[in-house]
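Engineer: Input structure: structure.cif, which contains mmCIF, C-alpha atoms.
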data_input
#
loop_
_atom_site.group_PDB
_atom_site.id
_atom_site.type_symbol
_atom_site.label_atom_id
_atom_site.label_comp_id
_atom_site.auth_asym_id
_atom_site.auth_seq_id
_atom_site.Cartn_x
_atom_site.Cartn_y
_atom_site.Cartn_z
ATOM 1 C CA MET A 523 158.568 79.651 49.492
ATOM 2 C CA TYR A 524 161.931 77.989 48.890
ATOM 3 C CA MET A 525 164.001 77.251 51.993
ATOM 4 C CA MET A 526 167.155 75.372 52.897
ATOM 5 C CA ILE A 527 166.594 73.429 56.116
ATOM 6 C CA GLU A 528 168.517 70.896 58.162
ATOM 7 C CA LYS A 529 166.819 67.542 58.649
ATOM 8 C CA GLU A 530 167.491 64.346 60.529
ATOM 9 C CA GLU A 531 165.830 61.171 59.281
ATOM 10 C CA THR A 532 166.458 57.420 59.250
ATOM 11 C CA VAL A 533 167.340 55.314 56.216
ATOM 12 C CA ARG A 534 167.365 51.534 55.962
ATOM 13 C CA ILE A 535 170.560 50.096 54.497
ATOM 14 C CA PRO A 536 169.668 46.735 52.931
ATOM 15 C CA PRO A 537 171.987 43.784 53.762
ATOM 16 C CA GLU A 538 173.310 43.524 50.190
ATOM 17 C CA LYS A 539 174.601 47.127 50.424
ATOM 18 C CA LEU A 540 176.476 46.717 53.712
ATOM 19 C CA ASN A 541 179.763 45.954 51.951
ATOM 20 C CA GLU A 542 179.725 49.351 50.117
ATOM 21 C CA LYS A 543 181.217 52.589 51.448
ATOM 22 C CA LEU A 544 178.913 53.859 54.187
ATOM 23 C CA ASP A 545 179.106 57.547 53.176
ATOM 24 C CA GLU A 546 178.201 56.830 49.559
ATOM 25 C CA ILE A 547 175.346 54.437 50.276
ATOM 26 C CA VAL A 548 173.857 56.713 52.967
ATOM 27 C CA GLU A 549 173.898 59.668 50.536
ATOM 28 C CA THR A 550 172.307 57.607 47.746
ATOM 29 C CA LEU A 551 169.599 56.242 50.056
ATOM 30 C CA ALA A 552 168.843 59.686 51.518
ATOM 31 C CA ARG A 553 168.337 61.104 48.018
ATOM 32 C CA GLU A 554 166.188 58.153 46.903
ATOM 33 C CA ASN A 555 164.044 58.277 50.060
ATOM 34 C CA PHE A 556 163.507 62.012 50.484
ATOM 35 C CA GLU A 557 163.902 63.905 47.185
ATOM 36 C CA GLY A 558 160.520 64.465 45.534
ATOM 37 C CA ARG A 559 158.641 63.611 48.737
ATOM 38 C CA MET A 560 156.349 65.913 50.671
ATOM 39 C CA ALA A 561 156.136 66.040 54.459
ATOM 40 C CA ASN A 562 154.555 68.679 56.685
ATOM 41 C CA GLY A 563 153.523 70.741 53.651
ATOM 42 C CA ALA A 564 157.080 70.996 52.304
ATOM 43 C CA LEU A 565 158.238 69.290 49.110
ATOM 44 C CA THR A 566 161.903 68.231 49.263
ATOM 45 C CA LEU A 567 163.588 69.144 45.991
ATOM 46 C CA LEU A 568 167.246 68.441 46.741
ATOM 47 C CA VAL A 569 169.218 66.639 49.440
ATOM 48 C CA THR A 570 172.834 67.724 50.076
ATOM 49 C CA ASP A 571 175.586 67.350 52.684
ATOM 50 C CA VAL A 572 174.422 63.927 53.910
ATOM 51 C CA ASN A 573 176.205 62.527 56.969
ATOM 52 C CA GLY A 574 175.545 59.507 59.137
ATOM 53 C CA ALA A 575 174.522 60.451 62.681
ATOM 54 C CA GLY A 576 175.709 58.011 65.314
ATOM 55 C CA GLU A 577 175.726 54.254 65.017
ATOM 56 C CA GLY A 578 173.201 52.304 62.997
ATOM 57 C CA LYS A 579 170.681 49.969 64.615
ATOM 58 C CA ILE A 580 169.787 46.420 63.713
ATOM 59 C CA VAL A 581 166.206 45.268 64.265
ATOM 60 C CA HIS A 582 165.678 41.609 65.190
ATOM 61 C CA GLY A 583 164.467 39.658 62.157
ATOM 62 C CA ASP A 584 165.604 42.317 59.658
ATOM 63 C CA GLY A 585 169.015 41.990 58.046
ATOM 64 C CA GLY A 586 169.191 45.711 57.247
ATOM 65 C CA VAL A 587 170.758 48.487 59.291
ATOM 66 C CA TYR A 588 168.735 51.555 60.273
ATOM 67 C CA GLN A 589 170.999 54.574 60.124
ATOM 68 C CA LYS A 590 170.143 58.099 61.236
ATOM 69 C CA VAL A 591 171.286 60.708 58.724
ATOM 70 C CA LYS A 592 171.602 64.471 58.904
ATOM 71 C CA PHE A 593 171.357 66.491 55.714
ATOM 72 C CA ASN A 594 170.454 69.839 54.211
ATOM 73 C CA ALA A 595 167.275 69.877 52.154
ATOM 74 C CA LEU A 596 166.104 72.456 49.641
ATOM 75 C CA VAL A 597 162.314 72.496 50.086
ATOM 76 C CA LEU A 598 159.367 74.262 48.502
ATOM 77 C CA LYS A 599 156.643 75.101 51.010
ATOM 78 C CA PRO A 600 153.767 76.956 49.336
ATOM 79 C CA GLU A 601 151.837 79.224 51.697
ATOM 80 C CA MET A 602 148.506 81.019 51.541
ATOM 81 C CA GLN A 603 148.705 84.551 50.086
ATOM 82 C CA GLU A 604 152.248 83.922 48.813
ATOM 83 C CA ILE A 605 153.070 85.574 45.482
ATOM 84 C CA ILE A 606 154.622 83.231 42.935
ATOM 85 C CA ASP A 607 156.187 83.649 39.512
ATOM 86 C CA GLY A 608 155.583 80.883 36.998
ATOM 87 C CA PHE A 609 154.639 80.114 33.442
ATOM 88 C CA VAL A 610 151.367 79.067 31.866
ATOM 89 C CA CYS A 611 151.700 75.367 31.042
ATOM 90 C CA GLU A 612 148.146 74.756 29.818
ATOM 91 C CA VAL A 613 145.157 76.873 28.795
ATOM 92 C CA LEU A 614 141.638 75.433 29.003
ATOM 93 C CA SER A 615 138.124 76.849 28.730
ATOM 94 C CA PHE A 616 137.866 77.187 32.534
ATOM 95 C CA GLY A 617 141.277 78.763 33.219
ATOM 96 C CA ALA A 618 145.032 78.404 33.018
ATOM 97 C CA PHE A 619 147.388 76.009 34.775
ATOM 98 C CA ILE A 620 150.505 77.778 36.004
ATOM 99 C CA ARG A 621 153.689 75.896 36.850
ATOM 100 C CA PHE A 622 155.900 77.274 39.590
ATOM 101 C CA GLY A 623 158.805 75.046 40.463
ATOM 102 C CA PRO A 624 157.599 71.435 40.399
ATOM 103 C CA LEU A 625 153.961 72.282 41.233
ATOM 104 C CA ASP A 626 150.995 73.510 39.182
ATOM 105 C CA GLY A 627 148.274 75.894 40.299
ATOM 106 C CA LEU A 628 145.014 76.822 38.593
ATOM 107 C CA ALA A 629 144.014 80.394 37.849
ATOM 108 C CA HIS A 630 140.285 80.022 37.212
ATOM 109 C CA ILE A 631 138.962 82.104 34.310
ATOM 110 C CA SER A 632 137.239 84.386 36.850
ATOM 111 C CA GLN A 633 140.596 85.086 38.540
ATOM 112 C CA ILE A 634 142.654 86.121 35.494
ATOM 113 C CA LEU A 635 141.367 89.561 34.416
ATOM 114 C CA ASP A 636 138.841 92.205 35.409
ATOM 115 C CA ASP A 637 137.287 91.656 31.989
ATOM 116 C CA ARG A 638 135.018 89.111 30.375
ATOM 117 C CA ILE A 639 137.244 86.348 28.937
ATOM 118 C CA ASN A 640 136.694 84.224 25.859
ATOM 119 C CA PHE A 641 138.466 80.924 25.197
ATOM 120 C CA ASP A 642 139.990 80.668 21.721
ATOM 121 C CA SER A 643 140.309 76.882 21.359
ATOM 122 C CA GLY A 644 141.887 77.098 17.890
ATOM 123 C CA ASN A 645 144.829 79.151 19.203
ATOM 124 C CA GLN A 646 144.763 77.781 22.774
ATOM 125 C CA ARG A 647 144.469 81.192 24.424
ATOM 126 C CA LEU A 648 142.257 83.213 26.725
ATOM 127 C CA VAL A 649 141.332 86.685 25.406
ATOM 128 C CA GLY A 650 139.820 89.620 27.287
ATOM 129 C CA LYS A 651 136.703 90.831 25.510
ATOM 130 C CA THR A 652 137.201 94.575 26.083
ATOM 131 C CA GLY A 653 140.948 95.021 26.650
ATOM 132 C CA LYS A 654 141.985 92.279 24.194
ATOM 133 C CA LYS A 655 144.663 91.061 26.625
ATOM 134 C CA GLU A 656 145.548 87.451 25.910
ATOM 135 C CA LEU A 657 147.093 84.601 27.836
ATOM 136 C CA ARG A 658 148.781 81.620 26.158
ATOM 137 C CA ALA A 659 150.852 78.605 27.140
ATOM 138 C CA GLY A 660 154.429 79.697 27.796
ATOM 139 C CA ASP A 661 153.519 83.187 29.099
ATOM 140 C CA MET A 662 155.296 84.235 32.292
ATOM 141 C CA VAL A 663 152.920 85.356 35.053
ATOM 142 C CA ARG A 664 152.831 86.534 38.644
ATOM 143 C CA ALA A 665 149.993 85.233 40.826
ATOM 144 C CA ARG A 666 148.903 84.917 44.453
ATOM 145 C CA ILE A 667 148.005 81.622 46.153
ATOM 146 C CA VAL A 668 144.396 81.851 47.391
ATOM 147 C CA THR A 669 143.534 78.188 48.050
ATOM 148 C CA LEU A 670 145.870 75.426 49.086
ATOM 149 C CA SER A 671 145.211 71.705 49.481
ATOM 150 C CA LEU A 672 148.464 69.758 49.392
ATOM 151 C CA ASN A 673 148.564 66.035 48.622
ATOM 152 C CA GLU A 674 151.531 64.634 50.539
ATOM 153 C CA ILE A 675 151.245 61.195 48.921
ATOM 154 C CA ASN A 676 151.298 62.562 45.361
ATOM 155 C CA PRO A 677 152.417 66.239 45.379
ATOM 156 C CA ARG A 678 151.611 66.688 41.668
ATOM 157 C CA GLU A 679 147.935 66.120 42.541
ATOM 158 C CA SER A 680 147.860 69.018 45.024
ATOM 159 C CA ARG A 681 145.120 71.590 44.446
ATOM 160 C CA ILE A 682 146.446 75.130 44.420
ATOM 161 C CA GLY A 683 144.159 78.008 43.465
ATOM 162 C CA LEU A 684 145.667 81.231 42.129
ATOM 163 C CA THR A 685 144.470 84.753 41.394
ATOM 164 C CA MET A 686 145.931 87.334 39.026
ATOM 165 C CA ARG A 687 143.249 90.040 39.388
ATOM 166 C CA GLN A 688 144.989 92.202 41.972
ATOM 167 C CA SER A 689 147.306 95.111 41.238
ATOM 168 C CA GLY A 690 150.855 93.973 40.469
ATOM 169 C CA LEU A 691 149.702 90.517 39.382
ATOM 170 C CA GLY A 692 149.064 88.959 35.962
ATOM 171 C CA LYS A 693 151.078 88.363 32.846
ATOM 172 C CA LEU A 694 154.473 90.055 33.280
ATOM 173 C CA GLU A 695 153.899 92.140 30.136
ATOM 174 C CA TRP A 696 150.605 93.448 31.574
ATOM 175 C CA ILE A 697 152.353 94.423 34.812
ATOM 176 C CA GLU A 698 155.058 96.305 32.891
ATOM 177 C CA GLU A 699 152.470 98.133 30.731
ATOM 178 C CA SER A 700 150.545 99.138 33.849
ATOM 179 C CA ARG A 701 153.723 100.400 35.538
ATOM 180 C CA LYS A 702 154.626 102.516 32.492
ATOM 181 C CA LYS A 703 151.113 104.014 32.362
ATOM 182 C CA GLU A 704 151.327 104.925 36.058
ATOM 183 C CA GLU A 705 154.752 106.546 35.544
ATOM 184 C CA GLY A 706 153.419 108.488 32.557
ATOM 185 C CA ALA A 707 150.373 109.637 34.521
ATOM 186 C CA GLY A 708 152.645 110.727 37.372
ATOM 187 C CA LYS A 709 154.781 112.837 35.023
ATOM 188 C CA ASP A 710 151.687 114.441 33.479
ATOM 189 C CA GLU A 711 150.339 115.247 36.948
ATOM 190 C CA GLY A 712 153.689 116.853 37.872
ATOM 191 C CA LYS A 713 153.586 119.051 34.731
ATOM 192 C CA LYS A 714 150.032 120.187 35.550
ATOM 193 C CA LYS A 715 151.068 121.198 39.084
ATOM 194 C CA LYS A 716 154.016 123.261 37.745
ATOM 195 C CA LYS A 717 151.682 125.132 35.341
ATOM 196 C CA VAL A 718 149.211 125.894 38.129
ATOM 197 C CA LYS A 719 151.957 127.331 40.405
ATOM 198 C CA LYS A 720 153.035 129.919 37.773
#
Kindly return the structure encoded in the file as C-alpha coordinates.
Structural biologist:
Amino acid sequence: MYMMIEKEETVRIPPEKLNEKLDEIVETLARENFEGRMANGALTLLVTDVNGAGEGKIVHGDGGVYQKVKFNALVLKPEMQEIIDGFVCEVLSFGAFIRFGPLDGLAHISQILDDRINFDSGNQRLVGKTGKKELRAGDMVRARIVTLSLNEINPRESRIGLTMRQSGLGKLEWIEESRKKEEGAGKDEGKKKKKVKK
(Lines of atoms letter the chains of each structure in order from A and count residues from 1; the text may use other names and numbers.)
(Lines give C-alpha, C1' and ligand atoms only; values in the text may rest on other atoms or scores of the structure.)
Protein backbone atom coordinates (compact mmCIF):
# COMPACT_ATOMS: atom_id res chain seq x y z
CA MET A 1 0.00 0.00 0.00
CA TYR A 2 1.30 3.45 -0.91
CA MET A 3 1.11 6.08 1.83
CA MET A 4 2.34 9.60 2.45
CA ILE A 5 3.62 9.88 6.01
CA GLU A 6 5.40 12.50 8.09
CA LYS A 7 8.77 11.47 9.49
CA GLU A 8 11.39 12.94 11.76
CA GLU A 9 14.94 11.65 11.45
CA THR A 10 18.51 12.87 11.98
CA VAL A 11 21.07 13.59 9.27
CA ARG A 12 24.78 14.19 9.71
CA ILE A 13 26.07 17.30 7.96
CA PRO A 14 29.77 16.73 7.23
CA PRO A 15 32.16 19.60 8.13
CA GLU A 16 32.99 20.36 4.48
CA LYS A 17 29.28 21.07 3.81
CA LEU A 18 28.75 23.49 6.70
CA ASN A 19 29.43 26.53 4.52
CA GLU A 20 26.53 25.65 2.14
CA LYS A 21 22.92 26.78 2.55
CA LEU A 22 21.41 24.77 5.40
CA ASP A 23 18.02 24.19 3.71
CA GLU A 24 19.59 22.85 0.53
CA ILE A 25 22.13 20.58 2.19
CA VAL A 26 19.55 19.18 4.65
CA GLU A 27 17.19 18.36 1.76
CA THR A 28 19.97 16.70 -0.25
CA LEU A 29 21.16 14.65 2.73
CA ALA A 30 17.61 13.59 3.66
CA ARG A 31 17.03 12.31 0.12
CA GLU A 32 20.40 10.52 -0.01
CA ASN A 33 19.90 8.91 3.41
CA PHE A 34 16.26 7.85 3.24
CA GLU A 35 15.06 7.40 -0.36
CA GLY A 36 15.30 3.75 -1.42
CA ARG A 37 15.70 2.57 2.18
CA MET A 38 13.36 0.27 4.06
CA ALA A 39 12.48 0.65 7.73
CA ASN A 40 9.66 -0.97 9.70
CA GLY A 41 8.42 -2.80 6.59
CA ALA A 42 8.00 0.41 4.57
CA LEU A 43 10.17 1.31 1.58
CA THR A 44 10.69 5.08 1.23
CA LEU A 45 10.27 6.05 -2.41
CA LEU A 46 10.33 9.84 -2.25
CA VAL A 47 11.26 12.49 0.32
CA THR A 48 9.61 15.93 0.05
CA ASP A 49 9.07 19.09 2.12
CA VAL A 50 12.29 18.71 4.14
CA ASN A 51 12.78 21.16 7.01
CA GLY A 52 15.34 21.35 9.78
CA ALA A 53 13.82 20.77 13.22
CA GLY A 54 15.48 22.74 15.98
CA GLU A 55 19.18 23.33 16.38
CA GLY A 56 21.82 20.86 15.26
CA LYS A 57 24.07 19.05 17.72
CA ILE A 58 27.82 18.61 17.67
CA VAL A 59 29.28 15.40 19.09
CA HIS A 60 32.70 15.64 20.74
CA GLY A 61 35.38 14.29 18.40
CA ASP A 62 33.18 14.57 15.29
CA GLY A 63 33.39 17.68 13.15
CA GLY A 64 29.93 17.12 11.67
CA VAL A 65 26.61 18.52 12.84
CA TYR A 66 23.69 16.20 13.61
CA GLN A 67 20.50 17.89 12.49
CA LYS A 68 16.96 16.66 13.08
CA VAL A 69 14.81 16.95 9.97
CA LYS A 70 11.08 16.67 9.39
CA PHE A 71 9.82 15.59 5.99
CA ASN A 72 7.00 13.93 4.10
CA ALA A 73 7.80 10.50 2.71
CA LEU A 74 5.98 8.54 0.04
CA VAL A 75 6.33 4.91 1.17
CA LEU A 76 5.33 1.50 -0.12
CA LYS A 77 4.34 -0.89 2.66
CA PRO A 78 3.26 -4.26 1.25
CA GLU A 79 0.82 -6.13 3.47
CA MET A 80 -0.46 -9.69 3.62
CA GLN A 81 -3.61 -10.31 1.54
CA GLU A 82 -3.19 -6.96 -0.24
CA ILE A 83 -4.20 -6.96 -3.91
CA ILE A 84 -1.60 -5.47 -6.24
CA ASP A 85 -1.49 -4.56 -9.91
CA GLY A 86 1.79 -5.10 -11.72
CA PHE A 87 3.40 -6.46 -14.83
CA VAL A 88 5.16 -9.72 -15.55
CA CYS A 89 8.88 -8.93 -15.73
CA GLU A 90 10.18 -12.48 -16.13
CA VAL A 91 8.73 -15.90 -16.94
CA LEU A 92 10.53 -19.06 -15.81
CA SER A 93 9.67 -22.75 -15.67
CA PHE A 94 8.58 -22.45 -12.01
CA GLY A 95 6.47 -19.28 -12.28
CA ALA A 96 6.38 -15.60 -13.12
CA PHE A 97 8.03 -12.63 -11.43
CA ILE A 98 5.66 -9.69 -11.16
CA ARG A 99 6.90 -6.15 -10.60
CA PHE A 100 4.71 -3.79 -8.62
CA GLY A 101 6.31 -0.46 -7.92
CA PRO A 102 9.98 -1.05 -7.09
CA LEU A 103 9.46 -4.60 -5.76
CA ASP A 104 9.07 -8.01 -7.40
CA GLY A 105 6.88 -10.87 -6.25
CA LEU A 106 6.75 -14.47 -7.45
CA ALA A 107 3.58 -16.15 -8.63
CA HIS A 108 4.55 -19.82 -8.47
CA ILE A 109 3.30 -21.91 -11.40
CA SER A 110 0.78 -23.55 -9.04
CA GLN A 111 -0.68 -20.13 -8.17
CA ILE A 112 -1.31 -18.78 -11.69
CA LEU A 113 -4.26 -20.77 -13.11
CA ASP A 114 -6.70 -23.50 -12.16
CA ASP A 115 -5.26 -25.47 -15.07
CA ARG A 116 -2.16 -27.52 -15.74
CA ILE A 117 0.53 -25.13 -17.04
CA ASN A 118 3.30 -25.81 -19.52
CA PHE A 119 6.41 -23.65 -19.89
CA ASP A 120 7.19 -22.68 -23.48
CA SER A 121 10.89 -21.81 -23.20
CA GLY A 122 11.20 -20.86 -26.89
CA ASN A 123 8.56 -18.12 -26.55
CA GLN A 124 9.15 -17.39 -22.84
CA ARG A 125 5.54 -17.97 -21.82
CA LEU A 126 3.39 -20.09 -19.55
CA VAL A 127 0.41 -21.77 -21.28
CA GLY A 128 -2.63 -23.42 -19.71
CA LYS A 129 -3.03 -26.93 -21.06
CA THR A 130 -6.85 -26.97 -21.28
CA GLY A 131 -7.88 -23.30 -21.52
CA LYS A 132 -4.84 -22.24 -23.59
CA LYS A 133 -4.51 -19.04 -21.53
CA GLU A 134 -0.98 -17.71 -21.73
CA LEU A 135 1.19 -15.43 -19.64
CA ARG A 136 4.21 -13.57 -21.03
CA ALA A 137 6.66 -10.90 -19.93
CA GLY A 138 5.01 -7.49 -20.17
CA ASP A 139 1.47 -8.74 -19.37
CA MET A 140 -0.44 -6.67 -16.82
CA VAL A 141 -1.80 -8.73 -13.91
CA ARG A 142 -3.68 -8.44 -10.64
CA ALA A 143 -2.50 -10.64 -7.76
CA ARG A 144 -2.81 -11.07 -4.00
CA ILE A 145 0.14 -11.14 -1.59
CA VAL A 146 0.13 -14.49 0.24
CA THR A 147 3.65 -14.63 1.71
CA LEU A 148 5.81 -11.74 2.77
CA SER A 149 9.42 -11.71 3.96
CA LEU A 150 10.91 -8.24 3.61
CA ASN A 151 14.67 -7.66 3.53
CA GLU A 152 15.25 -4.23 5.07
CA ILE A 153 18.96 -4.21 4.19
CA ASN A 154 18.36 -4.95 0.50
CA PRO A 155 14.65 -4.45 -0.36
CA ARG A 156 15.09 -5.90 -3.88
CA GLU A 157 15.93 -9.25 -2.24
CA SER A 158 12.62 -9.40 -0.36
CA ARG A 159 10.60 -12.58 -0.87
CA ILE A 160 7.00 -11.87 -1.79
CA GLY A 161 4.70 -14.72 -2.80
CA LEU A 162 1.66 -13.99 -4.96
CA THR A 163 -1.45 -15.85 -6.09
CA MET A 164 -3.65 -15.23 -9.12
CA ARG A 165 -6.00 -18.22 -8.76
CA GLN A 166 -8.86 -16.47 -6.99
CA SER A 167 -11.82 -14.80 -8.66
CA GLY A 168 -11.02 -11.29 -9.86
CA LEU A 169 -7.29 -12.02 -10.07
CA GLY A 170 -4.99 -12.93 -12.96
CA LYS A 171 -4.02 -11.37 -16.24
CA LEU A 172 -6.18 -8.27 -16.77
CA GLU A 173 -7.48 -9.67 -20.08
CA TRP A 174 -8.62 -12.86 -18.31
CA ILE A 175 -10.47 -10.80 -15.69
CA GLU A 176 -12.24 -8.78 -18.39
CA GLU A 177 -13.23 -11.94 -20.32
CA SER A 178 -14.61 -13.49 -17.14
CA ARG A 179 -16.59 -10.33 -16.33
CA LYS A 180 -18.12 -10.28 -19.83
CA LYS A 181 -19.10 -13.97 -19.57
CA GLU A 182 -20.78 -13.32 -16.21
CA GLU A 183 -22.68 -10.33 -17.64
CA GLY A 184 -23.77 -12.42 -20.63
CA ALA A 185 -24.90 -15.26 -18.37
CA GLY A 186 -26.85 -12.77 -16.24
CA LYS A 187 -28.68 -11.41 -19.30
CA ASP A 188 -29.51 -14.93 -20.50
CA GLU A 189 -30.84 -15.82 -17.04
CA GLY A 190 -33.02 -12.68 -17.08
CA LYS A 191 -34.49 -13.64 -20.49
CA LYS A 192 -35.30 -17.15 -19.23
CA LYS A 193 -37.15 -15.74 -16.20
CA LYS A 194 -39.25 -13.42 -18.43
CA LYS A 195 -40.27 -16.39 -20.65
CA VAL A 196 -41.27 -18.47 -17.63
CA LYS A 197 -43.49 -15.67 -16.21
CA LYS A 198 -45.59 -15.46 -19.43
Engineer: If we count all atoms listed in the file, what is near Gly574 of chain A at a cut-off of 10 Å, once residues fewer than 6 positions away on the same chain are taken out, given as a list of chain:residue names?
Structural biologist: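 Using all atoms listed in the file, the neighbours found are A:Glu530, A:Glu531, A:Thr532, A:Val533, A:Leu544, A:Asp545, A:Val548, A:Glu549, A:Gln589, A:Lys590, A:Val591, A:Lys592, A:Phe593.
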Engineer: Go through A:Lys539, A:Arg559, A:Lys599, A:Arg681 one by one, measure the shortest atom-to-atom distance of each to Ile620 of chain A using only C-alpha atoms, and give the residue with the smallest value.
Structural biologist: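 Using only C-alpha atoms, Ile620 of chain A sits closest to A:Arg681.
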Engineer: Fewer than 2 positions away in the same chain doesn't count, so skip those; otherwise give me all residues within 12 Å of Asp584 of chain A, counting only C-alpha atoms, as a PDB file with C-alpha atoms, keeping the file's coordinate frame.
Structural biologist:
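Written out: part_7.pdb:
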ATOM      1  CA  ARG A 534     167.365  51.534  55.962  1.00  0.00           C
ATOM      2  CA  ILE A 535     170.560  50.096  54.497  1.00  0.00           C
ATOM      3  CA  PRO A 536     169.668  46.735  52.931  1.00  0.00           C
ATOM      4  CA  PRO A 537     171.987  43.784  53.762  1.00  0.00           C
ATOM      5  CA  LYS A 579     170.681  49.969  64.615  1.00  0.00           C
ATOM      6  CA  ILE A 580     169.787  46.420  63.713  1.00  0.00           C
ATOM      7  CA  VAL A 581     166.206  45.268  64.265  1.00  0.00           C
ATOM      8  CA  HIS A 582     165.678  41.609  65.190  1.00  0.00           C
ATOM      9  CA  GLY A 586     169.191  45.711  57.247  1.00  0.00           C
ATOM     10  CA  VAL A 587     170.758  48.487  59.291  1.00  0.00           C
ATOM     11  CA  TYR A 588     168.735  51.555  60.273  1.00  0.00           C
TER      12      TYR A 588
END
Engineer: Which residues, named as in the file, does the PyMOL selection byres ((chain A and resi 561) around 10) pick out? Answer as number ranges by chain.
Structural biologist: A: 556, 559-560, 562-566, 597, 599, 672-675, 677
Engineer: As an exercise, work out the distance from atom CA of Ala707 of chain A to atom CA of Thr652 of chain A in Å and give it to one decimal place.
Structural biologist: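 Atom CA of Thr652 of chain A lies 21.7 Å from atom CA of Ala707 of chain A.
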Engineer: With a distance cut-off of 10 Å and only C-alpha atoms, select the neighbouring residues of Ser643 of chain A, excluding the residue or stretch itself and same-chain residues fewer than 4 positions from it, and output the selection as a PyMOL selection string.
Structural biologist: chain A and resi 613-615+647-648
Engineer: Can you work out which one of A:Gly653, A:Arg666, A:Gly623, A:Asp571 has the shortest atom-to-atom distance to Asp637 of chain A, counting all atoms listed in the file?
Structural biologist: A:Gly653
Engineer: For the atom pair atom CA of Met602 of chain A and atom CA of Arg621 of chain A, what is the interatomic distance in Å to one decimal place?
Structural biologist: 16.4 Å
Engineer: Could you write out as number ranges by chain the residues that the PyMOL selection byres ((chain A and resi 669) around 10) matches in the shown file?
Structural biologist: A: 601-603, 627-628, 666-668, 670-672, 681-685
Engineer: How many Å lie between atom CA of Glu698 of chain A and atom CA of Phe609 of chain A, rounded to one decimal?
Structural biologist: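 A separation of 16.2 Å between them.
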Engineer: Residues proximal to (165.0, 72.1, 55.0) were defined as those with any atom within 8 Å of that point in the file's coordinates, counting all atoms listed in the file. Which are they, as a count of residues only?
Structural biologist: 10
Engineer: Apply the PyMOL selection byres ((chain A and resi 610) around 8) to the file shown and report the selected residues as a list in words.
Structural biologist: Gly608, Phe609, Cys611, Glu612, Val613, Ala618, Phe619, Ile620, Arg621, Arg658, Ala659, Gly660, Asp661, Met662 and Val663 of chain A
Engineer: Pick from A:Glu705, A:Ala665, A:Gly578, A:Val649: nearest to Leu540 of chain A, with only C-alpha atoms counted?
Structural biologist: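 Checking each of A:Glu705, A:Ala665, A:Gly578, A:Val649 against Leu540 of chain A, counting only C-alpha atoms, the winner is A:Gly578.
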